[in-house]
file target-v7.cif (mmCIF, C-alpha atoms and all ligand atoms)
data_final
loop_
_atom_site.label_atom_id
_atom_site.label_comp_id
_atom_site.auth_asym_id
_atom_site.auth_seq_id
_atom_site.Cartn_x
_atom_site.Cartn_y
_atom_site.Cartn_z
CA MET A 1492 88.76 98.27 78.98
CA SER A 1493 87.76 95.65 76.47
CA ALA A 1494 90.07 92.63 76.22
CA ALA A 1495 91.53 90.92 79.29
CA PRO A 1496 94.84 92.51 80.29
CA HIS A 1497 98.22 91.08 79.42
CA VAL A 1498 100.94 92.06 81.85
CA ARG A 1499 104.53 91.15 82.34
CA PHE A 1500 106.98 90.93 85.20
CA ALA A 1501 110.43 91.70 83.84
CA PRO A 1502 113.25 91.13 86.31
CA SER A 1503 116.88 91.22 85.29
CA PRO A 1504 118.60 87.99 86.31
CA THR A 1505 121.40 89.85 88.05
CA GLY A 1506 120.31 88.76 91.54
CA ARG A 1507 117.51 87.00 93.38
CA LEU A 1508 114.13 88.65 93.90
CA HIS A 1509 113.74 90.91 96.92
CA VAL A 1510 110.54 92.17 98.47
CA GLY A 1511 110.49 95.22 96.19
CA ASN A 1512 110.51 93.05 93.05
CA GLY A 1513 108.17 90.66 94.81
CA ARG A 1514 105.60 93.38 95.26
CA ILE A 1515 105.74 94.30 91.58
CA ALA A 1516 105.32 90.64 90.64
CA VAL A 1517 102.42 90.12 93.05
CA VAL A 1518 100.62 93.27 91.91
CA ASN A 1519 101.02 92.39 88.23
CA TRP A 1520 99.79 88.85 88.81
CA LEU A 1521 96.80 89.85 90.92
CA PHE A 1522 95.85 92.63 88.52
CA ALA A 1523 95.87 90.19 85.58
CA LYS A 1524 94.06 87.40 87.41
CA HIS A 1525 91.39 89.71 88.80
CA LEU A 1526 90.44 90.54 85.24
CA GLY A 1527 90.96 87.08 83.76
CA GLY A 1528 94.14 88.20 82.02
CA ARG A 1529 97.59 86.79 81.38
CA PHE A 1530 100.86 87.15 83.27
CA LEU A 1531 104.12 86.87 81.37
CA LEU A 1532 107.54 86.30 82.90
CA ARG A 1533 110.20 88.11 80.90
CA LEU A 1534 113.84 87.85 81.80
CA ASP A 1535 115.62 91.09 80.94
CA ASP A 1536 119.02 89.53 80.38
CA THR A 1537 120.57 91.77 77.75
CA ASP A 1538 123.28 92.72 80.24
CA LEU A 1539 125.33 89.64 79.52
CA GLU A 1540 128.07 90.48 82.01
CA ARG A 1541 125.77 90.64 85.01
CA SER A 1542 123.04 88.17 84.07
CA THR A 1543 123.50 84.54 85.06
CA THR A 1544 121.57 81.33 84.50
CA ALA A 1545 121.71 80.63 88.22
CA PHE A 1546 119.94 83.92 89.00
CA ALA A 1547 117.40 83.25 86.24
CA GLU A 1548 116.64 79.85 87.77
CA GLY A 1549 116.56 81.42 91.22
CA ILE A 1550 113.98 83.98 90.07
CA GLU A 1551 111.82 81.24 88.61
CA ALA A 1552 112.08 79.32 91.88
CA ASP A 1553 111.15 82.46 93.85
CA LEU A 1554 108.06 83.07 91.73
CA ALA A 1555 107.06 79.42 91.82
CA TRP A 1556 107.38 79.48 95.61
CA LEU A 1557 105.13 82.55 95.80
CA GLY A 1558 102.66 80.67 93.63
CA LEU A 1559 102.77 83.16 90.77
CA ALA A 1560 102.52 80.83 87.80
CA TRP A 1561 103.26 82.50 84.48
CA ASP A 1562 101.15 82.05 81.38
CA GLY A 1563 103.97 82.95 79.04
CA PHE A 1564 107.73 83.23 79.17
CA ALA A 1565 110.29 85.25 77.21
CA ARG A 1566 114.00 85.80 77.50
CA GLN A 1567 115.47 88.90 75.92
CA SER A 1568 118.71 87.20 74.93
CA ASP A 1569 116.59 84.96 72.65
CA ARG A 1570 115.11 87.98 70.93
CA MET A 1571 118.15 90.01 69.93
CA ASP A 1572 117.21 89.89 66.24
CA ARG A 1573 113.91 91.60 67.09
CA TYR A 1574 115.76 94.53 68.66
CA THR A 1575 118.10 94.78 65.69
CA ALA A 1576 115.10 94.85 63.35
CA ALA A 1577 113.41 97.54 65.45
CA ALA A 1578 116.60 99.63 65.44
CA GLU A 1579 116.71 99.32 61.65
CA LYS A 1580 113.16 100.56 61.43
CA LEU A 1581 113.99 103.58 63.57
CA ARG A 1582 117.13 104.28 61.57
CA ALA A 1583 115.15 104.10 58.33
CA GLY A 1584 112.65 106.56 59.78
CA GLY A 1585 115.41 108.97 60.75
CA ARG A 1586 114.83 108.47 64.45
CA LEU A 1587 118.13 106.78 65.36
CA TYR A 1588 121.41 108.65 65.04
CA PRO A 1589 125.02 107.79 65.74
CA CYS A 1590 126.89 109.53 68.56
CA TYR A 1591 130.59 109.42 69.28
CA GLU A 1592 131.04 111.08 72.66
CA THR A 1593 132.98 109.16 75.26
CA PRO A 1594 131.50 108.79 78.76
CA GLU A 1595 134.01 111.40 79.99
CA GLU A 1596 132.93 113.92 77.36
CA LEU A 1597 129.28 113.36 78.24
CA SER A 1598 129.99 113.81 81.90
CA LEU A 1599 131.76 117.12 81.23
CA LYS A 1600 128.79 118.33 79.21
CA ARG A 1601 126.44 117.46 82.04
CA LYS A 1602 128.61 119.26 84.55
CA ALA A 1603 128.65 122.38 82.43
CA GLN A 1604 124.87 122.30 82.07
CA ARG A 1605 124.36 121.91 85.78
CA ALA A 1606 126.77 124.72 86.49
CA ALA A 1607 124.71 126.90 84.16
CA GLY A 1608 121.57 125.92 86.09
CA ARG A 1609 120.15 123.88 83.22
CA PRO A 1610 118.85 120.29 83.46
CA PRO A 1611 121.45 117.85 82.14
CA ARG A 1612 120.24 116.91 78.74
CA TYR A 1613 122.09 115.55 75.73
CA ASP A 1614 122.80 118.54 73.47
CA ARG A 1615 122.40 116.56 70.24
CA ALA A 1616 125.81 117.69 69.02
CA ALA A 1617 126.14 114.42 67.10
CA LEU A 1618 123.03 115.21 65.11
CA TRP A 1619 124.91 118.01 63.39
CA LEU A 1620 128.03 116.06 62.46
CA THR A 1621 128.72 115.99 58.72
CA ALA A 1622 129.44 112.72 56.96
CA ASP A 1623 133.10 113.74 56.77
CA GLU A 1624 133.28 114.41 60.48
CA ARG A 1625 131.74 111.03 61.21
CA ARG A 1626 134.19 109.30 58.92
CA ALA A 1627 137.06 111.09 60.60
CA LEU A 1628 135.87 110.01 64.05
CA GLU A 1629 135.51 106.42 62.91
CA ALA A 1630 138.90 106.50 61.23
CA ALA A 1631 140.27 107.62 64.60
CA GLY A 1632 138.84 104.44 66.13
CA ARG A 1633 135.61 105.72 67.60
CA ARG A 1634 132.56 103.49 67.28
CA PRO A 1635 129.14 105.04 67.57
CA HIS A 1636 126.44 104.38 70.08
CA TRP A 1637 122.96 105.19 68.84
CA ARG A 1638 120.40 107.59 70.23
CA PHE A 1639 116.68 107.84 69.65
CA ARG A 1640 115.70 111.34 68.51
CA LEU A 1641 112.78 112.46 70.61
CA GLU A 1642 110.24 114.83 69.20
CA ASP A 1643 110.24 118.25 70.77
CA ARG A 1644 106.94 117.78 72.48
CA ASP A 1645 105.77 117.13 75.99
CA VAL A 1646 104.79 113.59 76.95
CA VAL A 1647 101.62 112.97 78.89
CA TRP A 1648 100.05 109.77 80.16
CA ALA A 1649 97.33 108.87 82.62
CA ASP A 1650 99.18 106.78 85.19
CA LEU A 1651 96.89 104.28 86.90
CA VAL A 1652 98.55 104.96 90.25
CA ARG A 1653 100.10 108.42 89.98
CA GLY A 1654 97.38 110.13 87.98
CA GLU A 1655 98.19 112.33 85.00
CA GLN A 1656 101.93 112.54 84.32
CA HIS A 1657 103.42 115.33 82.33
CA PHE A 1658 107.00 115.41 81.11
CA ALA A 1659 108.30 118.59 79.52
CA ALA A 1660 110.30 117.98 76.35
CA THR A 1661 113.05 120.21 77.70
CA HIS A 1662 113.72 117.71 80.48
CA LEU A 1663 114.14 114.69 78.28
CA SER A 1664 117.39 113.53 76.75
CA ASP A 1665 117.51 111.48 73.58
CA PRO A 1666 118.06 108.00 75.05
CA VAL A 1667 120.82 105.68 73.92
CA LEU A 1668 119.21 102.58 72.40
CA LEU A 1669 122.25 100.75 71.05
CA ARG A 1670 125.65 100.52 72.65
CA GLU A 1671 128.93 100.78 70.77
CA ASP A 1672 129.04 97.03 70.38
CA GLY A 1673 125.57 97.09 68.81
CA ARG A 1674 123.81 95.58 71.80
CA PRO A 1675 120.39 97.03 72.62
CA LEU A 1676 119.70 98.79 75.88
CA TYR A 1677 116.71 98.13 78.08
CA THR A 1678 114.75 101.16 76.80
CA LEU A 1679 114.60 99.59 73.35
CA SER A 1680 114.34 95.90 74.17
CA SER A 1681 111.59 96.44 76.72
CA THR A 1682 109.51 98.53 74.33
CA VAL A 1683 109.92 96.08 71.46
CA ASP A 1684 108.86 93.20 73.71
CA ASP A 1685 105.93 95.07 75.18
CA ILE A 1686 104.66 95.67 71.64
CA GLU A 1687 105.39 92.26 70.16
CA LEU A 1688 104.21 90.29 73.17
CA GLY A 1689 100.98 92.26 73.33
CA ILE A 1690 101.40 93.86 76.74
CA THR A 1691 98.40 96.01 77.62
CA HIS A 1692 99.50 97.26 81.06
CA VAL A 1693 103.01 98.03 82.27
CA ILE A 1694 103.03 97.95 86.06
CA ARG A 1695 106.44 98.68 87.56
CA GLY A 1696 108.33 100.73 90.11
CA GLU A 1697 108.33 104.50 90.03
CA ASP A 1698 112.08 104.43 89.38
CA HIS A 1699 110.94 103.86 85.77
CA VAL A 1700 108.80 106.98 85.41
CA ALA A 1701 111.45 108.82 83.39
CA ASN A 1702 111.91 105.74 81.18
CA THR A 1703 108.21 105.75 80.50
CA ALA A 1704 108.38 109.30 79.22
CA VAL A 1705 110.77 108.31 76.46
CA GLN A 1706 109.28 104.88 75.92
CA VAL A 1707 105.90 106.41 75.14
CA GLU A 1708 107.54 108.10 72.14
CA LEU A 1709 109.34 104.92 71.26
CA PHE A 1710 106.12 102.89 71.29
CA GLU A 1711 104.68 105.39 68.86
CA ALA A 1712 107.75 105.49 66.64
CA LEU A 1713 107.72 101.69 66.40
CA GLY A 1714 104.05 101.73 65.48
CA GLY A 1715 102.88 99.85 68.54
CA PRO A 1716 99.95 100.66 70.73
CA VAL A 1717 101.03 102.52 73.88
CA PRO A 1718 100.11 100.37 76.89
CA ALA A 1719 98.58 101.74 80.06
CA PHE A 1720 101.13 102.50 82.77
CA ALA A 1721 101.07 102.18 86.53
CA HIS A 1722 104.11 103.15 88.60
CA LEU A 1723 104.20 101.96 92.18
CA PRO A 1724 106.12 103.87 94.84
CA LEU A 1725 109.24 102.08 96.06
CA LEU A 1726 109.15 100.40 99.46
CA VAL A 1727 110.92 101.98 102.42
CA ASP A 1728 111.90 100.43 105.75
CA ALA A 1729 110.14 100.93 109.07
CA ALA A 1730 112.18 104.12 109.64
CA GLY A 1731 111.25 105.51 106.22
CA ALA A 1732 114.64 104.90 104.56
CA GLY A 1733 115.10 103.23 101.17
CA LEU A 1734 115.51 99.47 101.29
CA SER A 1735 118.46 99.24 98.94
CA LYS A 1736 121.06 98.49 101.63
CA ARG A 1737 119.04 95.74 103.25
CA LEU A 1738 117.75 94.03 100.17
CA GLY A 1739 120.02 91.00 100.69
CA SER A 1740 118.25 90.10 103.91
CA LEU A 1741 114.94 90.95 102.31
CA SER A 1742 115.30 88.51 99.46
CA LEU A 1743 112.40 86.13 98.97
CA GLU A 1744 114.89 83.33 99.40
CA SER A 1745 115.99 84.47 102.85
CA LEU A 1746 112.49 85.26 104.09
CA ARG A 1747 111.44 81.81 102.97
CA ALA A 1748 114.41 80.27 104.79
CA GLU A 1749 113.38 82.13 107.94
CA GLY A 1750 109.97 80.49 107.76
CA VAL A 1751 107.79 83.12 106.11
CA GLU A 1752 105.00 81.32 104.26
CA ALA A 1753 104.47 82.25 100.60
CA LEU A 1754 100.86 83.25 101.26
CA THR A 1755 101.91 85.43 104.17
CA LEU A 1756 104.29 87.36 101.97
CA ALA A 1757 101.89 87.48 99.01
CA SER A 1758 99.09 88.75 101.26
CA TYR A 1759 101.33 91.37 102.84
CA LEU A 1760 102.68 92.56 99.48
CA ALA A 1761 99.19 92.62 97.98
CA LYS A 1762 97.76 94.80 100.72
CA LEU A 1763 100.79 96.95 101.57
CA GLY A 1764 100.41 100.55 100.50
CA SER A 1765 96.74 100.05 99.71
CA SER A 1766 93.58 101.22 101.38
CA ASP A 1767 92.77 97.58 102.28
CA ALA A 1768 93.52 96.29 105.78
CA ILE A 1769 96.64 94.11 105.89
CA GLU A 1770 95.22 90.67 106.44
CA VAL A 1771 96.41 87.25 105.48
CA ARG A 1772 94.48 85.22 102.94
CA THR A 1773 94.60 81.47 102.45
CA SER A 1774 94.68 81.58 98.66
CA LEU A 1775 96.02 83.73 95.87
CA ASP A 1776 92.62 83.45 94.20
CA GLN A 1777 91.05 85.24 97.10
CA LEU A 1778 93.71 87.95 96.94
CA ALA A 1779 93.03 88.26 93.21
CA ARG A 1780 89.30 88.63 93.76
CA GLU A 1781 89.92 91.46 96.23
CA PHE A 1782 92.60 93.20 94.20
CA ASP A 1783 92.04 96.67 92.79
CA LEU A 1784 94.85 98.85 91.46
CA ALA A 1785 92.78 101.88 92.41
CA HIS A 1786 93.29 100.97 96.07
CA LEU A 1787 97.04 101.54 95.82
CA GLY A 1788 98.34 104.87 97.03
CA ARG A 1789 101.20 107.10 95.94
CA ALA A 1790 102.95 107.22 99.32
CA ALA A 1791 105.96 104.96 99.82
CA PRO A 1792 104.79 101.88 101.77
CA ARG A 1793 106.79 100.82 104.81
CA PHE A 1794 107.96 97.25 104.67
CA ASP A 1795 108.55 95.95 108.17
CA PRO A 1796 109.58 92.29 108.28
CA GLN A 1797 108.39 92.09 111.89
CA GLU A 1798 104.83 92.54 110.66
CA LEU A 1799 105.11 89.25 108.79
CA TRP A 1800 105.21 87.04 111.90
CA PRO A 1801 101.74 87.68 113.32
CA LEU A 1802 100.38 87.24 109.80
CA ASN A 1803 102.34 84.02 109.40
CA ALA A 1804 100.89 82.71 112.65
CA ARG A 1805 97.38 83.69 111.60
CA LEU A 1806 97.83 81.90 108.30
CA LEU A 1807 99.15 78.68 109.87
CA HIS A 1808 96.27 78.69 112.35
CA GLN A 1809 93.82 78.50 109.45
CA LEU A 1810 95.56 76.13 107.08
CA PRO A 1811 93.99 72.70 106.56
CA PHE A 1812 96.29 69.71 106.77
CA ALA A 1813 96.24 69.33 102.99
CA ALA A 1814 98.02 72.68 102.65
CA VAL A 1815 101.05 71.51 104.67
CA ALA A 1816 100.99 67.76 104.01
CA GLY A 1817 104.39 66.54 102.91
CA ARG A 1818 106.26 69.57 104.22
CA VAL A 1819 107.04 68.17 107.67
CA ASP A 1820 108.14 64.56 107.96
CA GLY A 1821 105.84 62.50 110.10
CA LEU A 1822 103.13 65.12 110.44
CA ASP A 1823 99.58 63.81 110.28
CA GLU A 1824 96.22 65.48 110.36
CA ALA A 1825 95.40 64.85 114.03
CA LEU A 1826 98.72 66.32 115.11
CA TRP A 1827 98.37 69.25 112.72
CA LEU A 1828 94.92 70.17 113.99
CA ALA A 1829 96.18 69.95 117.58
CA ILE A 1830 99.23 72.17 117.10
CA ARG A 1831 98.59 74.61 114.24
CA GLY A 1832 97.07 77.21 116.57
CA ASN A 1833 100.40 77.50 118.37
CA LEU A 1834 102.75 77.89 115.47
CA THR A 1835 104.43 81.01 114.16
CA ARG A 1836 106.62 79.03 111.77
CA LEU A 1837 105.80 75.67 110.25
CA SER A 1838 109.23 74.37 111.30
CA GLU A 1839 108.06 74.55 114.92
CA ALA A 1840 105.80 71.63 114.13
CA THR A 1841 108.82 69.33 114.44
CA ASP A 1842 109.13 70.25 118.14
CA TRP A 1843 105.56 69.17 118.78
CA LEU A 1844 106.04 66.12 116.65
CA ALA A 1845 108.92 65.08 118.91
CA ILE A 1846 106.86 65.84 122.00
CA CYS A 1847 103.93 63.73 120.80
CA ARG A 1848 105.70 60.99 118.92
CA GLY A 1849 109.27 60.97 120.20
CA GLU A 1850 111.29 62.10 123.14
CA THR A 1851 111.19 65.17 125.33
CA THR A 1852 112.70 65.98 128.68
CA PRO A 1853 109.96 66.43 131.25
CA VAL A 1854 110.20 69.33 133.67
CA VAL A 1855 109.58 67.92 137.13
CA GLU A 1856 108.91 70.26 140.06
CA ASP A 1857 106.92 68.08 142.42
CA ALA A 1858 107.63 64.40 141.82
CA ALA A 1859 105.13 63.17 144.43
CA PHE A 1860 102.27 65.09 142.78
CA LEU A 1861 103.23 63.73 139.37
CA ALA A 1862 103.43 60.17 140.69
CA ALA A 1863 99.94 60.54 142.15
CA ALA A 1864 98.70 61.84 138.78
CA ALA A 1865 100.45 58.99 136.95
CA ALA A 1866 98.67 56.45 139.05
CA LEU A 1867 95.35 57.91 137.94
CA LEU A 1868 96.00 57.74 134.18
CA PRO A 1869 93.05 55.85 132.66
CA PRO A 1870 93.57 52.95 130.28
CA GLU A 1871 93.61 53.64 126.57
CA PRO A 1872 91.92 54.30 124.13
CA TRP A 1873 92.22 58.05 124.76
CA ASP A 1874 90.35 60.83 123.05
CA GLY A 1875 89.59 64.53 123.43
CA THR A 1876 87.72 63.94 126.69
CA THR A 1877 90.50 62.04 128.47
CA TRP A 1878 92.37 65.09 129.75
CA LYS A 1879 89.30 66.50 131.48
CA ALA A 1880 88.34 63.23 133.09
CA TRP A 1881 91.88 62.52 134.24
CA THR A 1882 92.61 65.99 135.66
CA GLU A 1883 89.28 65.89 137.46
CA ALA A 1884 90.39 62.70 139.15
CA VAL A 1885 93.83 64.17 139.94
CA LYS A 1886 92.14 67.19 141.48
CA GLN A 1887 89.97 64.98 143.70
CA VAL A 1888 92.90 62.94 144.93
CA THR A 1889 95.59 65.63 145.31
CA GLY A 1890 93.51 68.71 146.09
CA HIS A 1891 95.48 70.69 143.45
CA LYS A 1892 93.39 72.96 141.30
CA GLY A 1893 93.69 75.67 138.68
CA ARG A 1894 97.26 76.46 137.65
CA ALA A 1895 98.70 74.28 140.43
CA LEU A 1896 96.89 71.35 138.87
CA PHE A 1897 97.39 71.96 135.16
CA HIS A 1898 100.77 73.63 134.91
CA PRO A 1899 102.94 70.87 136.47
CA LEU A 1900 101.20 68.32 134.28
CA ARG A 1901 101.89 70.35 131.15
CA LEU A 1902 105.53 70.86 132.17
CA ALA A 1903 106.05 67.18 132.77
CA LEU A 1904 104.19 65.93 129.72
CA THR A 1905 105.56 68.41 127.19
CA GLY A 1906 108.64 69.94 128.80
CA ARG A 1907 107.17 73.33 127.81
CA GLU A 1908 105.64 76.23 129.69
CA GLN A 1909 103.08 76.74 126.97
CA GLY A 1910 101.62 75.06 123.98
CA PRO A 1911 98.53 73.66 122.38
CA GLU A 1912 95.49 72.54 124.35
CA MET A 1913 96.45 69.61 126.57
CA ALA A 1914 93.12 67.97 125.77
CA ALA A 1915 94.28 67.66 122.16
CA LEU A 1916 97.88 66.75 122.98
CA LEU A 1917 97.31 64.07 125.61
CA PRO A 1918 95.83 61.43 123.28
CA LEU A 1919 98.60 62.15 120.78
CA ILE A 1920 101.29 61.70 123.45
CA GLY A 1921 99.67 58.43 124.49
CA ARG A 1922 99.72 56.53 127.73
CA GLY A 1923 103.20 55.05 127.48
CA ARG A 1924 104.98 58.36 127.07
CA ALA A 1925 102.71 60.12 129.56
CA LEU A 1926 103.44 57.56 132.20
CA ALA A 1927 107.19 57.74 131.65
CA ARG A 1928 107.21 61.54 131.76
CA LEU A 1929 105.20 61.63 134.96
CA GLY A 1930 107.70 59.25 136.51
CA GLY A 1931 105.11 56.54 137.04
CA SER A 1932 105.42 52.85 136.31
CA SER A 1933 103.16 50.79 134.10
N1 LIG B 1 114.29 94.82 83.94
C1 LIG B 1 113.67 96.02 84.40
C2 LIG B 1 113.85 96.12 85.90
O1 LIG B 1 114.10 95.09 86.51
C3 LIG B 1 112.22 95.99 84.03
C4 LIG B 1 111.50 97.24 84.21
C5 LIG B 1 110.15 97.19 83.53
O2 LIG B 1 109.25 96.61 84.14
O3 LIG B 1 110.02 97.68 82.43
O4 LIG B 1 113.80 97.17 86.48
#
call {"tool": "encode", "arguments": {"input": "target-v7.cif", "output": "structure tokens", "more": "lines below"}}
Ligand code: GLU
result
Amino acid sequence: MSAAPHVRFAPSPTGRLHVGNGRIAVVNWLFAKHLGGRFLLRLDDTDLERSTTAFAEGIEADLAWLGLAWDGFARQSDRMDRYTAAAEKLRAGGRLYPCYETPEELSLKRKAQRAAGRPPRYDRAALWLTADERRALEAAGRRPHWRFRLEDRDVVWADLVRGEQHFAATHLSDPVLLREDGRPLYTLSSTVDDIELGITHVIRGEDHVANTAVQVELFEALGGPVPAFAHLPLLVDAAGAGLSKRLGSLSLESLRAEGVEALTLASYLAKLGSSDAIEVRTSLDQLAREFDLAHLGRAAPRFDPQELWPLNARLLHQLPFAAVAGRVDGLDEALWLAIRGNLTRLSEATDWLAICRGETTPVVEDAAFLAAAAALLPPEPWDGTTWKAWTEAVKQVTGHKGRALFHPLRLALTGREQGPEMAALLPLIGRGRALARLGGSS
């Protein structure tokens, strides 16, 4: 490969991104960045009925959240004249022909073919219409849609994930490129854009394999270079079933709202279905350095949202304060370093913030023991050694040791069974709060 790759992520703004789209976006981005290439965001919004500005903005927000900055941006609805020009070129070359069948007629044809044990394939009846017949159909109110005439040859490409792909000409139907109202369909618009925007690698889901077969011919007919293709298997759930029914709950937006960190999801999606171990990384750059398309397998990867939580915890445990600064009101570095090792979600930081800087209800099991401990609290300033010195003194005076010493103190001081190291928490809680929670008086 000579020049740096130029890839695109091409969602249709007919909904928010789900983990399946997210994986395609992550893989495209990492592939490009690994090789110093460019990542283009292209909104496939030619379906005017289903595309909305709100979804387009939502997709941009989803990608921005994941950290996948785009180096270029295109919107298909801005490029309609390009598709018209490409259709003209095909028409002039005799590769685009008008068809008049209604959807019902086409469906009947397909049924008949299936009944005869043949693959459903457009029979090209319209190709043989005379000019008079066409005029008669149009006079009767029919408007043509336009099909691309494929050559009667097999299509072959070396897929970067699936290996060599071979499509027999007999299985391919001439695709419709323009609808009755003249609007282009995805097969055309995508190919025109991939050529004109200089895309070198098309990385997308394997639901597009059949599109690729016809698009390869279309690239050639339009005189563009044929890009390299990589088709990734679609994700399945933990039980091996397709994700389509659960995609709402697996939107990037909802995972984010549940507390999944962007880097957790990006790491998971980068490693899923690959020969690499699934491990969280603290930067996209690191994921990009490690990325290799050749590590991705052909088997459908299982996406299990439960697997995200241990990764999320591992990520939070490693993040420096700078990575979370500004995301939790009142959080400071000392508090962050004390609590990060106990978090599964960043939002849990607010609980510890309240415990250290605000109010919490102490759990009191043995008031006399706590009062004795309170009386031994040293004067401030406190630091990381205070807990050890204080509990040593409490042990001497009360005779409590081990769990009987530490656990009641934790319960009273934090109101929690478990949590971060008390040595780190105690100076953050401070003497005033500690005294009050232990039931002592100052
Ligand atoms: N808009 C298409 C989709 O969302 C793009 C497919 C492609 O990458 O070519 O499936």
call {"tool": "residues_near_ligand", "arguments": {"input": "target-v7.cif", "ligand": "ligand LIG 1 (chain B)", "cutoff": "6 Å", "atoms": "all atoms listed in the file", "output": "PyMOL selection string"}}
result
chain A and resi 1501-1503+1535+1695
call {"tool": "closest_atom_pairs", "arguments": {"input": "target-v7.cif", "of": "stretch 1502-1560 of chain A", "to": "stretch 1665-1675 of chain A", "cutoff": "12 Å", "atoms": "all atoms listed in the file", "output": "tab-separated table"}}
result
residue	atom	partner	partner_atom	distance
A:Asp1535	CA	A:Pro1675	CA	11.3
A:Asp1536	CA	A:Pro1675	CA	10.9
A:Thr1537	CA	A:Pro1675	CA	7.3
A:Asp1538	CA	A:Arg1674	CA	8.9
A:Leu1539	CA	A:Arg1674	CA	9.9
call {"tool": "residues_around", "arguments": {"input": "target-v7.cif", "residues": "A:Ala1865", "least_positions_apart": "4", "cutoff": "9 Å", "atoms": "only C-alpha atoms", "output": "PyMOL selection string"}}
result
chain A and resi 1860-1861+1885+1925-1932
call {"tool": "closest_residue", "arguments": {"input": "target-v7.cif", "among": "A:Pro1504, A:Pro1724, A:Pro1589, A:Gly1921", "to": "A:Ser1568", "atoms": "all atoms listed in the file"}}
result
A:Pro1504
call {"tool": "closest_residue", "arguments": {"input": "target-v7.cif", "among": "A:Ser1664, A:Gln1567, A:Thr1575, A:Ser1758", "to": "A:Asp1776", "atoms": "all atoms listed in the file"}}
result
A:Ser1758
call {"tool": "closest_atom_pairs", "arguments": {"input": "target-v7.cif", "of": "stretch 1603-1649 of chain A", "to": "stretch 1714-1719 of chain A", "cutoff": "12 Å", "atoms": "only C-alpha atoms", "output": "tab-separated table"}}
result
residue	atom	partner	partner_atom	distance
A:Val1647	CA	A:Val1717	CA	11.6
A:Trp1648	CA	A:Ala1719	CA	8.2
A:Ala1649	CA	A:Ala1719	CA	7.7
call {"tool": "atom_distance", "arguments": {"input": "target-v7.cif", "atom1": "atom CA of A:Asn1833", "atom2": "atom CA of A:Ala1555"}}
result
27.4 Å
call {"tool": "atom_distance", "arguments": {"input": "target-v7.cif", "atom1": "atom CA of A:Phe1897", "atom2": "atom CA of A:Trp1878"}}
result
10.1 Å
call {"tool": "atom_distance", "arguments": {"input": "target-v7.cif", "atom1": "atom CA of A:Leu1844", "atom2": "atom CA of A:Ile1830"}}
result
9.1 Å
call {"tool": "closest_residue", "arguments": {"input": "target-v7.cif", "among": "A:Ala1785, A:Ala1813, A:Val1700, A:Ile1686", "to": "A:Arg1573", "atoms": "all atoms listed in the file"}}
result
A:Ile1686
call {"tool": "residues_around", "arguments": {"input": "target-v7.cif", "residues": "A:Arg1601", "least_positions_apart": "2", "cutoff": "9 Å", "atoms": "all atoms listed in the file", "output": "PyMOL selection string"}}
result
chain A and resi 1596-1599+1603-1606+1610-1613
call {"tool": "write_last_selection", "arguments": {"input": "target-v7.cif", "atoms": "C-alpha atoms", "output": "JSON list (two decimals), in the frame of the given file"}}
result
[["chain", "number", "residue", "atom", "x", "y", "z"],
["A", 1596, "GLU", "CA", 132.93, 113.92, 77.36],
["A", 1597, "LEU", "CA", 129.28, 113.36, 78.24],
["A", 1598, "SER", "CA", 129.99, 113.81, 81.90],
["A", 1599, "LEU", "CA", 131.76, 117.12, 81.23],
["A", 1603, "ALA", "CA", 128.65, 122.38, 82.43],
["A", 1604, "GLN", "CA", 124.87, 122.30, 82.07],
["A", 1605, "ARG", "CA", 124.36, 121.91, 85.78],
["A", 1606, "ALA", "CA", 126.77, 124.72, 86.49],
["A", 1610, "PRO", "CA", 118.85, 120.29, 83.46],
["A", 1611, "PRO", "CA", 121.45, 117.85, 82.14],
["A", 1612, "ARG", "CA", 120.24, 116.91, 78.74],
["A", 1613, "TYR", "CA", 122.09, 115.55, 75.73]]
call {"tool": "closest_residue", "arguments": {"input": "target-v7.cif", "among": "A:Leu1867, A:Val1705, A:Thr1691, A:Ala1622", "to": "A:Val1646", "atoms": "all atoms listed in the file"}}
result
A:Val1705
call {"tool": "closest_residue", "arguments": {"input": "target-v7.cif", "among": "A:Leu1917, A:Leu1628, A:Ala1576, A:Ala1607", "to": "A:Glu1592", "atoms": "all atoms listed in the file"}}
result
A:Leu1628
call {"tool": "residues_near_point", "arguments": {"input": "target-v7.cif", "point": "(111.1, 94.3, 110.0)", "cutoff": "12 Å", "atoms": "only C-alpha atoms", "output": "PyMOL selection string"}}
result
chain A and resi 1510+1727-1731+1734+1737-1738+1740-1741+1746+1793-1801
call {"tool": "residues_around", "arguments": {"input": "target-v7.cif", "residues": "A:Asp1645", "least_positions_apart": "4", "cutoff": "8 Å", "atoms": "all atoms listed in the file", "output": "list in words"}}
result
His1657, Phe1658, Ala1659 and Ala1660 of chain A
call {"tool": "residues_around", "arguments": {"input": "target-v7.cif", "residues": "A:Thr1773", "least_positions_apart": "5", "cutoff": "10 Å", "atoms": "all atoms listed in the file", "output": "list in words"}}
result
Leu1754, Thr1755, Ser1758, Leu1778, Arg1805, Leu1806, Leu1807, Gln1809, Leu1810, Pro1811 and Ala1814 of chain A
call {"tool": "closest_residue", "arguments": {"input": "target-v7.cif", "among": "A:Leu1587, A:Leu1896, A:Ala1753, A:Leu1581", "to": "A:Leu1775", "atoms": "all atoms listed in the file"}}
result
A:Ala1753
call {"tool": "residues_around", "arguments": {"input": "target-v7.cif", "residues": "A:Trp1561", "least_positions_apart": "2", "cutoff": "10 Å", "atoms": "all atoms listed in the file", "output": "PyMOL selection string"}}
result
chain A and resi 1499-1500+1520+1529-1533+1551+1554-1555+1558-1559+1563-1564
